[in-house]
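Asks: I'd like to ask you about the structure that follows.
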Amino acid sequence: MYTTINIKVKRFDGEKEWYQDFQLPYEKGKTILWALTSIREQFDPTFNFTSACRHAICGSCAIQVNGHAFLACKTSLDEVLETFNTNELTFEPLKNFEVIKDLVVAWEPKMEKMEQVKPWLIPSEEGSKETGFNQSEEEYHQIAAPTDCILCGICASECTQLAVNDGTYLDPFILNRAYRFAVDSRDCAPEEHIRPVYENELWKCLHCMQCVTKCPKGIPLHEQVAYLRQESIKMGEVNNKGAKHAFAFYDDVKKKGRLNEVMLPVKTEGVINTMSRIPFALRMIKKGKINPLHMPKAVDGIKGVREIYKYAEEVSES
């Protein structure tokens, strides 16, 4: 085991950036937050980071360690040292956030974006402030997991779509808030939470799953994105590439049990838009990645696949 930990911290004073090196003696059972606090108390009192509860409740202490986001108070240094197999650690602020100073990031722009999904209850007429609302245990469990979100920002830092987007795509924790109120049995206007999500490029989620694997609360954001997409289709929002792509998948698998990769772009983007991709398609053909003459036959067991479809449709209607 290591005797010392070499930590490189990204600093920012509002104008310039630089990295500063620190060396801490290794102590078993310590956390990332211990390391941050030790640096400030023992070496540099001007070093800035945020923390509060120390119990993975407030979400304020999330940072990047060696390029990956962690909740500092919850993550042990032993775990990090073992994961990266090194005692050389780099602390940086969360990605996809505006940095204020050192490891401190700005949340105001994110909160302004969140307001679009109306992250509050729009109460139905079945309850009131005076009488309250009744919820079944099943209805409560629908909102239990999304309510666990502590707004730590880890999902946003790890989101690959946010890294390349022009700013219109909503952060994963905002999608979570939209979902949380859309499925609340006490809410009477789920569409008011879902429509802003759809209008802000919901279908551009890249399915990288980083928001799920890195979430310190284990919130199933991938399931929430799928639900929001399904609901947008029920709202009639089908004339977009995302929905068309989903329908193409659905139809191909139901008919043959596999995708028709030659026709998939045409079904998704239309003939005219697909024409612009011909040079790319020709390169794919040349490399042997696609066969334009291949027409897939139904897989063995296609009857079973169709039975699964039938069962799923019956369940969704019940």
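Each chain in the structure tokens gets a letter, A, B, ..., in the order shown, and its residues are numbered from 1; ligands are numbered from 1 in order too.
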As a list in words, please: the residues near segment 52-61 of chain A (cut-off 7 Å, only C-alpha atoms, same-chain neighbours under 3 positions excluded).

Replies: Leu71, Ala72, Cys73, Lys74, Ile150, Leu151 and Cys152 of chain A

Asks: Would you put the residues from that selection into a file with N, CA, C and O atoms, as a JSON list (two decimals), in the first residue's frame?

Replies:
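Wrote selection.json, looks like this:
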```json
[["chain", "number", "residue", "atom", "x", "y", "z"],
["A", 71, "LEU", "N", -18.83, 11.63, -5.60],
["A", 71, "LEU", "CA", -19.29, 12.40, -4.45],
["A", 71, "LEU", "C", -18.21, 12.29, -3.39],
["A", 71, "LEU", "O", -17.95, 11.21, -2.87],
["A", 72, "ALA", "N", -17.56, 13.39, -3.08],
["A", 72, "ALA", "CA", -16.34, 13.37, -2.27],
["A", 72, "ALA", "C", -16.55, 12.78, -0.88],
["A", 72, "ALA", "O", -15.70, 12.05, -0.37],
["A", 73, "CYS", "N", -17.69, 13.08, -0.25],
["A", 73, "CYS", "CA", -17.89, 12.62, 1.13],
["A", 73, "CYS", "C", -18.21, 11.13, 1.21],
["A", 73, "CYS", "O", -18.01, 10.49, 2.23],
["A", 74, "LYS", "N", -18.71, 10.57, 0.10],
["A", 74, "LYS", "CA", -19.14, 9.17, 0.10],
["A", 74, "LYS", "C", -18.06, 8.23, -0.41],
["A", 74, "LYS", "O", -18.05, 7.03, -0.08],
["A", 150, "ILE", "N", -30.18, 14.20, -5.22],
["A", 150, "ILE", "CA", -29.64, 15.21, -4.31],
["A", 150, "ILE", "C", -28.99, 16.37, -5.07],
["A", 150, "ILE", "O", -28.29, 17.20, -4.47],
["A", 151, "LEU", "N", -29.20, 16.43, -6.39],
["A", 151, "LEU", "CA", -28.65, 17.51, -7.21],
["A", 151, "LEU", "C", -27.14, 17.67, -7.00],
["A", 151, "LEU", "O", -26.65, 18.78, -6.77],
["A", 152, "CYS", "N", -26.44, 16.57, -7.09],
["A", 152, "CYS", "CA", -24.98, 16.62, -6.93],
["A", 152, "CYS", "C", -24.30, 17.04, -8.22],
["A", 152, "CYS", "O", -23.16, 17.52, -8.21]]
```

Asks: Identify all residues of segment 81-138 of chain A in strand (DSSP E) (DSSP on the backbone) and supply them as a PDB file with N, CA and C atoms, in the first residue's frame.

Replies:
```
ATOM      1  N   GLU A  88      -1.363   8.642  -7.848  1.00  0.00           N
ATOM      2  CA  GLU A  88      -1.351   9.944  -8.518  1.00  0.00           C
ATOM      3  C   GLU A  88      -2.797  10.317  -8.856  1.00  0.00           C
ATOM      4  N   LEU A  89      -3.353  11.275  -8.142  1.00  0.00           N
ATOM      5  CA  LEU A  89      -4.750  11.664  -8.331  1.00  0.00           C
ATOM      6  C   LEU A  89      -4.839  13.114  -8.787  1.00  0.00           C
ATOM      7  N   THR A  90      -5.786  13.370  -9.693  1.00  0.00           N
ATOM      8  CA  THR A  90      -6.029  14.734 -10.168  1.00  0.00           C
ATOM      9  C   THR A  90      -7.450  15.134  -9.809  1.00  0.00           C
ATOM     10  N   PHE A  91      -7.579  16.221  -9.056  1.00  0.00           N
ATOM     11  CA  PHE A  91      -8.881  16.755  -8.661  1.00  0.00           C
ATOM     12  C   PHE A  91      -9.233  17.933  -9.565  1.00  0.00           C
ATOM     13  N   GLU A  92     -10.424  17.867 -10.173  1.00  0.00           N
ATOM     14  CA  GLU A  92     -10.885  18.928 -11.057  1.00  0.00           C
ATOM     15  C   GLU A  92     -12.363  19.192 -10.810  1.00  0.00           C
ATOM     16  N   VAL A  99     -17.332  27.187 -14.133  1.00  0.00           N
ATOM     17  CA  VAL A  99     -16.514  27.168 -12.926  1.00  0.00           C
ATOM     18  C   VAL A  99     -16.405  28.575 -12.339  1.00  0.00           C
ATOM     19  N   ILE A 100     -16.655  28.684 -11.047  1.00  0.00           N
ATOM     20  CA  ILE A 100     -16.558  29.973 -10.357  1.00  0.00           C
ATOM     21  C   ILE A 100     -15.150  30.180  -9.820  1.00  0.00           C
ATOM     22  N   LYS A 101     -14.680  29.204  -9.039  1.00  0.00           N
ATOM     23  CA  LYS A 101     -13.329  29.275  -8.497  1.00  0.00           C
ATOM     24  C   LYS A 101     -12.884  27.882  -8.079  1.00  0.00           C
ATOM     25  N   VAL A 104     -15.283  24.955  -7.367  1.00  0.00           N
ATOM     26  CA  VAL A 104     -16.647  25.450  -7.146  1.00  0.00           C
ATOM     27  C   VAL A 104     -17.298  25.769  -8.485  1.00  0.00           C
ATOM     28  N   VAL A 105     -18.481  25.201  -8.725  1.00  0.00           N
ATOM     29  CA  VAL A 105     -19.187  25.419  -9.997  1.00  0.00           C
ATOM     30  C   VAL A 105     -20.477  26.190  -9.769  1.00  0.00           C
TER      31      VAL A 105
END
```

Asks: For each of A:Ala144, A:Ile32, A:Val197, A:Met263, take the minimum atom-to-atom distance to Thr168 of chain A, counting only C-alpha atoms, then give the residue where this is smallest.

Replies: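 Closest to Thr168 of chain A, using only C-alpha atoms: A:Val197.
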
Asks: Might you pull out every residue within 9 Å of Ala156 of chain A, with only C-alpha atoms counted and same-chain residues fewer than 5 positions away left off, and present them as number ranges by chain?

Replies: A: 94-97, 162, 171-173, 211

Asks: With distances taken over only C-alpha atoms, which residue among A:Ser185, A:Ser128, A:Thr213, A:Thr4 lies nearest Thr86 of chain A?

Replies: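 Closest residue, counting only C-alpha atoms: A:Thr4.
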